[in-house]
Each structure stands twice: as C-alpha cells, then as structure tokens.
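Student: Next up, start-v6.cif (mmCIF, C-alpha atoms).
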```cif
data_structure
#
loop_
_atom_site.label_atom_id
_atom_site.label_comp_id
_atom_site.auth_asym_id
_atom_site.auth_seq_id
_atom_site.Cartn_x
_atom_site.Cartn_y
_atom_site.Cartn_z
CA MET A 1 -32.32 -38.31 2.56
CA LYS A 2 -29.88 -40.29 0.42
CA ILE A 3 -28.64 -38.70 -2.81
CA TYR A 4 -27.19 -40.64 -5.72
CA ILE A 5 -24.57 -38.90 -7.90
CA SER A 6 -23.32 -40.27 -11.21
CA VAL A 7 -20.25 -38.21 -12.13
CA ASP A 8 -18.70 -38.10 -15.60
CA MET A 9 -15.81 -35.86 -16.71
CA GLU A 10 -16.36 -34.32 -20.14
CA GLY A 11 -18.92 -31.87 -18.74
CA ALA A 12 -16.72 -30.63 -15.91
CA THR A 13 -15.62 -27.03 -15.45
CA GLY A 14 -12.75 -26.10 -17.80
CA VAL A 15 -12.62 -29.38 -19.74
CA VAL A 16 -12.61 -28.98 -23.54
CA ASN A 17 -10.07 -31.39 -25.06
CA PRO A 18 -9.97 -35.20 -25.37
CA LEU A 19 -6.50 -35.27 -23.79
CA GLN A 20 -8.01 -33.88 -20.58
CA VAL A 21 -10.25 -36.92 -20.08
CA ARG A 22 -7.84 -39.71 -21.07
CA ALA A 23 -5.41 -41.37 -18.67
CA GLU A 24 -2.99 -41.89 -21.58
CA SER A 25 -2.18 -38.16 -21.38
CA PRO A 26 -1.11 -37.85 -17.71
CA SER A 27 -0.58 -34.11 -17.35
CA GLU A 28 -3.77 -33.10 -19.17
CA TYR A 29 -5.76 -35.92 -17.53
CA ALA A 30 -4.70 -34.68 -14.09
CA PHE A 31 -6.44 -31.41 -14.90
CA GLY A 32 -9.60 -33.28 -15.94
CA CYS A 33 -9.64 -35.23 -12.67
CA LYS A 34 -9.11 -32.03 -10.70
CA MET A 35 -12.04 -30.32 -12.39
CA GLN A 36 -14.28 -33.39 -12.10
CA LEU A 37 -13.59 -33.42 -8.36
CA HIS A 38 -14.21 -29.66 -8.17
CA ASP A 39 -17.69 -29.99 -9.67
CA LEU A 40 -18.47 -33.08 -7.59
CA LYS A 41 -17.51 -31.39 -4.32
CA ALA A 42 -19.59 -28.34 -5.22
CA VAL A 43 -22.79 -30.38 -5.66
CA ILE A 44 -21.97 -32.47 -2.56
CA ASP A 45 -21.72 -29.28 -0.53
CA GLY A 46 -25.01 -28.10 -2.01
CA ALA A 47 -26.68 -31.45 -1.36
CA PHE A 48 -25.75 -31.43 2.32
CA GLU A 49 -26.88 -27.83 2.62
CA GLY A 50 -30.16 -28.81 0.96
CA GLY A 51 -30.89 -31.55 3.47
CA ALA A 52 -29.05 -34.67 2.32
CA THR A 53 -27.85 -37.00 5.07
CA GLU A 54 -26.06 -39.54 2.86
CA ILE A 55 -24.52 -39.37 -0.61
CA LEU A 56 -23.55 -42.26 -2.87
CA VAL A 57 -21.19 -41.29 -5.71
CA ASN A 58 -20.64 -43.48 -8.76
CA ASP A 59 -17.44 -42.68 -10.69
CA SER A 60 -18.85 -42.98 -14.21
CA HIS A 61 -16.05 -41.91 -16.54
CA ALA A 62 -14.00 -44.30 -18.71
CA ARG A 63 -12.10 -46.69 -16.39
CA MET A 64 -14.18 -45.35 -13.49
CA ILE A 65 -11.17 -44.83 -11.20
CA ASN A 66 -10.89 -41.06 -11.53
CA VAL A 67 -12.25 -39.73 -8.24
CA ASP A 68 -9.81 -39.52 -5.33
CA VAL A 69 -11.76 -40.88 -2.35
CA SER A 70 -9.40 -39.17 0.09
CA GLN A 71 -10.83 -35.83 -1.05
CA LEU A 72 -14.43 -36.66 -0.17
CA PRO A 73 -16.15 -35.64 3.10
CA GLN A 74 -17.83 -37.83 5.69
CA ASN A 75 -21.19 -39.43 4.88
CA VAL A 76 -20.15 -39.85 1.25
CA ARG A 77 -19.56 -43.29 -0.24
CA LEU A 78 -17.80 -43.86 -3.58
CA ILE A 79 -18.37 -46.66 -6.08
CA SER A 80 -15.07 -46.94 -7.94
CA GLY A 81 -13.78 -49.34 -10.57
CA ASN A 82 -15.13 -51.54 -13.33
CA LEU A 83 -16.91 -53.78 -14.34
CA LYS A 84 -20.34 -52.63 -13.18
CA PRO A 85 -23.61 -54.31 -14.23
CA LEU A 86 -25.37 -50.94 -14.49
CA ALA A 87 -22.32 -48.98 -15.64
CA MET A 88 -22.94 -45.26 -15.12
CA ALA A 89 -26.07 -46.03 -13.08
CA GLU A 90 -24.46 -48.57 -10.74
CA GLY A 91 -25.72 -48.20 -7.17
CA ILE A 92 -29.02 -46.56 -8.08
CA LYS A 93 -30.90 -49.42 -6.38
CA ASP A 94 -29.11 -48.91 -3.05
CA GLY A 95 -31.99 -47.10 -1.37
CA CYS A 96 -31.49 -43.67 -2.96
CA ASP A 97 -34.15 -40.96 -2.94
CA CYS A 98 -33.13 -38.90 -5.98
CA ALA A 99 -30.27 -38.60 -8.45
CA PHE A 100 -27.80 -36.00 -9.73
CA PHE A 101 -25.92 -36.37 -13.03
CA VAL A 102 -22.75 -34.29 -12.75
CA ALA A 103 -20.21 -33.25 -15.42
CA TYR A 104 -22.27 -34.92 -18.15
CA HIS A 105 -21.93 -34.34 -21.90
CA ALA A 106 -24.37 -34.24 -24.79
CA MET A 107 -25.24 -37.18 -27.04
CA ALA A 108 -23.30 -37.99 -30.21
CA GLY A 109 -23.98 -35.55 -33.03
CA SER A 110 -24.96 -32.58 -30.87
CA PHE A 111 -24.11 -29.11 -32.17
CA ASN A 112 -21.54 -27.00 -30.27
CA ALA A 113 -21.28 -29.70 -27.61
CA ILE A 114 -18.03 -30.38 -25.80
CA LEU A 115 -16.72 -33.90 -26.50
CA ASP A 116 -20.18 -35.14 -27.51
CA HIS A 117 -20.57 -38.91 -27.81
CA THR A 118 -22.83 -41.72 -26.68
CA VAL A 119 -20.99 -44.31 -24.56
CA SER A 120 -18.25 -44.92 -27.15
CA SER A 121 -17.10 -42.38 -29.72
CA LYS A 122 -15.27 -45.12 -31.64
CA THR A 123 -18.21 -47.45 -32.14
CA ILE A 124 -21.61 -45.79 -31.62
CA PHE A 125 -23.09 -43.31 -34.06
CA SER A 126 -26.47 -43.03 -32.32
CA VAL A 127 -28.84 -44.76 -29.90
CA LYS A 128 -32.64 -44.72 -29.90
CA LEU A 129 -34.86 -45.85 -27.07
CA ASN A 130 -38.51 -46.35 -28.00
CA GLY A 131 -37.89 -44.21 -31.06
CA THR A 132 -36.27 -41.32 -29.20
CA LEU A 133 -32.64 -40.38 -29.76
CA VAL A 134 -30.84 -40.60 -26.43
CA GLY A 135 -27.39 -40.11 -25.01
CA GLU A 136 -25.98 -41.16 -21.68
CA THR A 137 -28.36 -38.82 -19.88
CA GLY A 138 -31.37 -40.62 -21.35
CA LEU A 139 -29.98 -44.13 -20.87
CA ASN A 140 -29.12 -43.51 -17.23
CA ALA A 141 -32.35 -41.65 -16.53
CA ALA A 142 -34.32 -44.64 -17.80
CA VAL A 143 -32.59 -46.89 -15.25
CA CYS A 144 -33.06 -44.38 -12.43
CA MET A 145 -36.70 -43.71 -13.09
CA GLU A 146 -37.58 -47.37 -13.58
CA SER A 147 -36.11 -47.79 -10.08
CA LYS A 148 -38.38 -44.94 -8.86
CA VAL A 149 -35.43 -42.61 -8.30
CA PRO A 150 -36.13 -39.27 -10.01
CA VAL A 151 -33.31 -37.37 -11.69
CA VAL A 152 -33.45 -33.84 -10.27
CA LEU A 153 -30.16 -32.26 -11.40
CA VAL A 154 -27.99 -32.44 -14.53
CA THR A 155 -24.76 -30.42 -14.89
CA GLY A 156 -22.36 -30.02 -17.80
CA ASP A 157 -22.15 -27.79 -20.84
CA LYS A 158 -25.00 -25.78 -22.30
CA ALA A 159 -25.73 -28.49 -24.90
CA VAL A 160 -26.39 -31.27 -22.37
CA CYS A 161 -28.57 -28.92 -20.35
CA GLU A 162 -30.67 -28.21 -23.44
CA GLU A 163 -30.79 -31.94 -24.24
CA THR A 164 -32.01 -32.63 -20.70
CA LYS A 165 -34.83 -30.08 -20.91
CA MET A 166 -36.00 -31.55 -24.21
CA LEU A 167 -35.77 -35.12 -22.95
CA PHE A 168 -37.71 -34.55 -19.75
CA ASP A 169 -40.05 -31.88 -21.12
CA ASN A 170 -40.24 -30.77 -17.52
CA GLU A 171 -39.10 -27.43 -16.15
CA ARG A 172 -38.87 -28.92 -12.67
CA ILE A 173 -35.58 -30.66 -13.41
CA VAL A 174 -32.69 -28.36 -12.55
CA THR A 175 -29.78 -27.96 -14.96
CA CYS A 176 -26.51 -26.09 -14.49
CA ALA A 177 -24.26 -25.12 -17.41
CA VAL A 178 -20.60 -24.54 -16.49
CA LYS A 179 -19.50 -23.75 -20.07
CA GLU A 180 -20.82 -23.12 -23.57
CA GLY A 181 -19.38 -25.01 -26.52
CA ARG A 182 -18.19 -23.27 -29.65
CA SER A 183 -17.27 -26.57 -31.31
CA ASN A 184 -16.58 -30.14 -30.22
CA SER A 185 -13.39 -29.09 -28.42
CA CYS A 186 -13.66 -25.34 -27.84
CA ALA A 187 -15.81 -23.54 -25.29
CA THR A 188 -16.33 -20.30 -23.46
CA LEU A 189 -15.40 -21.18 -19.90
CA LEU A 190 -16.29 -19.87 -16.46
CA PRO A 191 -13.66 -19.82 -13.70
CA PRO A 192 -13.90 -22.54 -11.02
CA GLU A 193 -14.76 -20.05 -8.29
CA GLU A 194 -17.83 -19.03 -10.24
CA THR A 195 -18.93 -22.53 -11.25
CA TYR A 196 -18.53 -23.78 -7.68
CA GLN A 197 -21.23 -21.39 -6.50
CA LEU A 198 -23.44 -22.08 -9.51
CA LEU A 199 -23.22 -25.83 -8.94
CA LYS A 200 -23.75 -25.61 -5.20
CA ASP A 201 -26.79 -23.37 -5.63
CA ALA A 202 -28.19 -25.69 -8.31
CA ALA A 203 -27.91 -28.69 -5.96
CA VAL A 204 -29.71 -26.79 -3.19
CA ARG A 205 -32.42 -25.73 -5.63
CA ALA A 206 -32.81 -29.29 -6.98
CA LEU A 207 -33.41 -30.71 -3.51
CA LYS A 208 -35.79 -27.92 -2.64
CA THR A 209 -37.82 -28.82 -5.74
CA PHE A 210 -37.63 -32.53 -4.92
CA ASN A 211 -38.79 -31.99 -1.35
CA SER A 212 -41.82 -29.98 -2.44
CA THR A 213 -43.81 -33.03 -3.61
CA TYR A 214 -41.68 -33.80 -6.66
CA ILE A 215 -43.52 -36.11 -9.04
CA SER A 216 -41.32 -38.59 -10.86
CA GLN A 217 -42.13 -39.06 -14.53
CA ASP A 218 -41.44 -42.16 -16.58
CA LEU A 219 -39.48 -41.26 -19.69
CA PHE A 220 -40.04 -44.56 -21.50
CA GLU A 221 -42.53 -47.39 -21.27
CA CYS A 222 -41.59 -51.04 -20.98
CA PRO A 223 -40.88 -53.03 -23.12
CA TYR A 224 -37.91 -51.02 -24.34
CA ASN A 225 -37.11 -50.95 -28.03
CA LEU A 226 -33.36 -50.33 -28.30
CA GLU A 227 -31.75 -49.34 -31.61
CA ILE A 228 -28.01 -48.87 -31.95
CA THR A 229 -26.42 -47.44 -35.08
CA PHE A 230 -22.70 -48.13 -35.34
CA ARG A 231 -20.05 -46.10 -37.08
CA GLN A 232 -18.95 -48.97 -39.32
CA THR A 233 -20.78 -51.85 -40.98
CA SER A 234 -18.09 -54.25 -39.74
CA GLN A 235 -18.99 -53.30 -36.17
CA CYS A 236 -22.65 -53.99 -36.91
CA ASP A 237 -21.69 -57.30 -38.53
CA THR A 238 -20.04 -58.45 -35.33
CA VAL A 239 -22.87 -57.46 -32.98
CA SER A 240 -25.66 -58.71 -35.26
CA TYR A 241 -24.59 -62.34 -34.74
CA LEU A 242 -25.88 -62.27 -31.15
CA PRO A 243 -29.15 -64.16 -30.59
CA GLY A 244 -32.19 -61.95 -30.22
CA ILE A 245 -30.78 -59.21 -32.44
CA LYS A 246 -32.67 -57.89 -35.44
CA ARG A 247 -30.60 -56.10 -38.06
CA LEU A 248 -32.38 -53.11 -39.57
CA ASP A 249 -29.76 -51.97 -42.08
CA GLY A 250 -26.02 -51.96 -42.71
CA ARG A 251 -25.16 -50.19 -39.45
CA THR A 252 -28.21 -50.56 -37.20
CA ILE A 253 -29.41 -53.33 -34.89
CA GLN A 254 -32.56 -53.58 -32.81
CA VAL A 255 -33.29 -55.52 -29.63
CA GLN A 256 -36.28 -55.68 -27.29
CA CYS A 257 -35.60 -55.40 -23.55
CA ASP A 258 -38.00 -55.96 -20.66
CA SER A 259 -36.11 -53.66 -18.28
CA ALA A 260 -33.93 -50.55 -18.43
CA ASP A 261 -31.20 -52.54 -16.67
CA LYS A 262 -31.04 -54.85 -19.66
CA VAL A 263 -30.88 -51.87 -22.02
CA TRP A 264 -27.59 -50.80 -20.39
CA ARG A 265 -26.25 -54.36 -20.48
CA TRP A 266 -27.03 -54.64 -24.17
CA VAL A 267 -25.37 -51.31 -24.89
CA ASP A 268 -22.25 -52.32 -22.94
CA ALA A 269 -22.09 -55.71 -24.65
CA ALA A 270 -22.59 -54.15 -28.06
CA VAL A 271 -19.77 -51.63 -27.50
CA THR A 272 -17.41 -54.39 -26.33
CA LEU A 273 -18.14 -56.59 -29.34
CA ALA A 274 -18.08 -53.73 -31.83
CA SER A 275 -14.68 -52.65 -30.51
CA SER A 276 -13.26 -56.01 -31.56
CA ALA A 277 -14.36 -55.64 -35.18
CA THR A 278 -11.77 -55.28 -37.93
CA ILE A 279 -12.48 -52.02 -39.72
#
```
What does this structure look like when you write it as structure tokens?
Tutor:
Amino acid sequence: MKIYISVDMEGATGVVNPLQVRAESPSEYAFGCKMQLHDLKAVIDGAFEGGATEILVNDSHARMINVDVSQLPQNVRLISGNLKPLAMAEGIKDGCDCAFFVAYHAMAGSFNAILDHTVSSKTIFSVKLNGTLVGETGLNAAVCMESKVPVVLVTGDKAVCEETKMLFDNERIVTCAVKEGRSNSCATLLPPEETYQLLKDAAVRALKTFNSTYISQDLFECPYNLEITFRQTSQCDTVSYLPGIKRLDGRTIQVQCDSADKVWRWVDAAVTLASSATI
C-alpha cells in the first residue's frame, strides 16, 4: 500500500508565529522545520504500523525545500523543490492508494485559526470552488479525489480539523488537532511527546478505516467553477486581462476548468500575476 503525504508547516506542533514558517527568519524558521519534520515522522511511523509499504512525501510549504531528506526512513521518497505543476498535490498521480494532509492550516478568514490563509496571504482574500468556500485542504482534496485517491487524514490546528469535517461531511475522515488557536498567532499548545503519539495513532486509525472498504467521495463535480477574490482591486485588474477570465466585481474573477489539475494551475498563475500588481 502506497501512501501519499502532502506536508505543510503552519499546522505543525508548536508553530504559532509567521517568523517560524519563513526562511527569512533563520532561527525561528529552524524551529518550524523541526516541528514540521516531527509531525511528518509521527504519521510516517503510524502509516508503516498501519500497513503502508511505500510512502511518497510532497514538501508543500512555501519554497518547498523544508524537509531534510536525511532524516527520513527507508521506503520513503520525498518530492522537494519548485516549480510543481500540481503544487501541494504534486505526485498524487504516482500510483498512490490514499492521502494524508499533514501540518495543514485553515482557509483565509477562519476564526481562531493559526496563520490562516489560502495559498497567498498577500494576494488572495478567498477562493470558491463550485460555490463552496475552500482553502488549501479543499483545493488539494479536489485534485486527489479526481485522481481516485481518497484523503483519509488531515492534521493541524483545531480550526482546520473543523473545516475538514464540514468540507467532507463524512465522519470517516480522520483528523488530528495538535493545537487550538486563540487568535491568528496565539494557540494553546501540546508538547511534542504528546502530539507524536496522537499523530501516530491517527495515522494508524486512518489506514484502518481506509482498509475496511473505504468509499471515496467526490467533493466537487466537473466542470469546476473557480472564483478568486483578491485583496486589492489592482491585483484583480492584472489577473482579469488573461483570456478566459470573467470579472465578477472589483476584486473577483471567475474561470471554468475541466479538471481539478487546471484549477490548481489557475490559482498558481493568478497568485503569481497578482503578486506583480502595483498596490
């Protein structure tokens, strides 16, 4: 059984502050990388205990060169670096059976959510897919499930776990909260020794559920109606010039996609263009 793991950083044990997830702040960022690796190794250990024979990890945070491959065990492969056509879901088509989302965060605008954002905190205010507000969990799940790879585990703070339950409307997906936000950058934390066991047990439980005739559910139907609302009208101005774009209002564009892969490519392209706008 081959497990796919997309690992972010904001939802990792102990992480609460933007400095801890940015390479521009070396000492704080080192802590973020350490905790990201801690959570990743915990679910890897649980996955192998639960019956996995292979694991493919996609480093999904920022520059996507955060995970130290020398710290990973045998039978684990790491996708590291950028650019990636499927971004946080890169590698999902490589013959995987099910997926884990580890150290994830809640979508932009979530209450008491640690470092909440959707893809880019500087450019994106919100994203809707077929009329449903989604964050990175929803965007990546759409790609996974279109590829017939069910998402069986999501870990992070309490807010992203609640978001996951609402998105899937399915109690069979396992979530594991390693902290509870009190604001955007303050949380009640659990010590790493405690979260290690929680995460490992959650991974074992997720695979047990998957192995007992797990039924994958499609979150969204094709074609995909993607709406992106930007933080600034100037950002929307820049993106709206692309062919195939419909502008809905001062800050929102709409585009129709015939695959979830193309949804991610549009989001990535929109963020890149919006980042170049003069505000």
Student: Which neighbours of Val151 of chain A fall inside 7 Å, counting only C-alpha atoms, when residues of the same chain fewer than 2 positions from it are skipped, and could you give them as a PyMOL selection string?
Tutor: chain A and resi 98-100+141+149+153
Student: Output C-alpha atoms of each residue in that selection to a file, as a compact mmCIF listing (two decimals), in the frame of the given file.
Tutor:
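part03.txt, freshly written:
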```
# COMPACT_ATOMS: atom_id res chain seq x y z
CA CYS A 98 -33.13 -38.90 -5.98
CA ALA A 99 -30.27 -38.60 -8.45
CA PHE A 100 -27.80 -36.00 -9.73
CA ALA A 141 -32.35 -41.65 -16.53
CA VAL A 149 -35.43 -42.61 -8.30
CA LEU A 153 -30.16 -32.26 -11.40
```
Student: Using the chain letters and numbers from the file, which residues does the PyMOL selection byres ((chain A and resi 252) around 10) grab, as a PyMOL selection string?
Tutor: chain A and resi 124-127+227-233+235-237+239-240+246-251+253-254
Student: Show which residues sit within 12 Å of Leu139 of chain A, as a PyMOL selection string. Count only C-alpha atoms, and ignore same-chain residues fewer than 5 positions away.
Tutor: chain A and resi 86-89+101+107+118-119+127-130+132-134+144-146+151+164+167+219-220+224+226+259-268
Student: Go through the shown structure with the PyMOL selection byres ((chain A and resi 208) around 12) and write out the matching residues as JSON, numbers by chain.
Tutor: {"A": [46, 47, 48, 49, 50, 51, 52, 98, 152, 153, 172, 173, 174, 201, 202, 203, 204, 205, 206, 207, 209, 210, 211, 212, 213, 214]}
Student: Would you kindly translate the PyMOL selection byres ((chain A and resi 185) around 10) into the concrete residues it picks from this file, as number ranges by chain?
Tutor: A: 15-18, 112-116, 181-184, 186-187
Student: Taking the point (-14.2, -20.3, -10.3) as given in the file, collect each protein or nucleic acid residue that comes within 12 Å of it, counting all atoms listed in the file, and present the set as a PyMOL selection string.
Tutor: chain A and resi 13-14+35+38-39+42+178-179+189-199
Student: Counting all atoms listed in the file, which residue out of A:Pro85, A:Thr155, A:Gly138, A:Ser80 sits closest to Ala269 of chain A?
Tutor: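 Using all atoms listed in the file, the shortest distance to Ala269 of chain A belongs to A:Pro85.
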Student: With all atoms of segment 29-33 of chain A from the file as input, state the centre and edge lengths in Å to one decimal of the axis-aligned box that has 5 Å extra on each side, as AutoDock Vina command-line options.
Tutor:
```
--center_x -7.2 --center_y -33.7 --center_z -15.1 --size_x 14.9 --size_y 14.5 --size_z 14.9
```
Student: A:Cys33, A:Val255, A:Val43, A:Val143: which is nearest Val21 of chain A, counting only C-alpha atoms?
Tutor: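 Counting only C-alpha atoms, the residue closest to Val21 of chain A is A:Cys33.
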Student: Give me, please, the distance in Å between atom CA of Tyr241 of chain A and atom CA of Leu273 of chain A, quoted to one decimal.
Tutor: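 Between atom CA of Tyr241 of chain A and atom CA of Leu273 of chain A the gap is 10.2 Å.
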Student: Check the smallest atom-to-atom distance from each of A:Asp97, A:Glu10, A:Asp45, A:Glu180 to Asn75 of chain A using all atoms listed in the file, then report the winner.
Tutor: A:Asp45
Student: In Å, with one decimal, what is the gap from atom CA of Gly11 of chain A to atom CA of Ser121 of chain A?
Tutor: 15.3 Å
Student: Between atom CA of Thr53 of chain A and atom CA of Glu90 of chain A, what is the distance, to one decimal in Å?
Tutor: 19.9 Å
Student: Arg77 of chain A: which residues within 8 Å, counting only C-alpha atoms, same-chain residues fewer than 2 positions away excluded, as a PDB file with C-alpha atoms, keeping the file's coordinate frame?
Tutor:
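Done, and the output landed in selection-v3.pdb:
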```
ATOM      1  CA  ILE A  55     -24.520 -39.370  -0.610  1.00  0.00           C
ATOM      2  CA  LEU A  56     -23.550 -42.260  -2.870  1.00  0.00           C
ATOM      3  CA  VAL A  57     -21.190 -41.290  -5.710  1.00  0.00           C
ATOM      4  CA  ASN A  75     -21.190 -39.430   4.880  1.00  0.00           C
ATOM      5  CA  ILE A  79     -18.370 -46.660  -6.080  1.00  0.00           C
TER       6      ILE A  79
END
```
Student: Determine the nearest neighbour of Phe111 of chain A from the options A:Leu37, A:Ile92, A:Ala159, A:Met1, counting all atoms listed in the file.
Tutor: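 The shortest atom-to-atom distance to Phe111 of chain A comes from A:Ala159.
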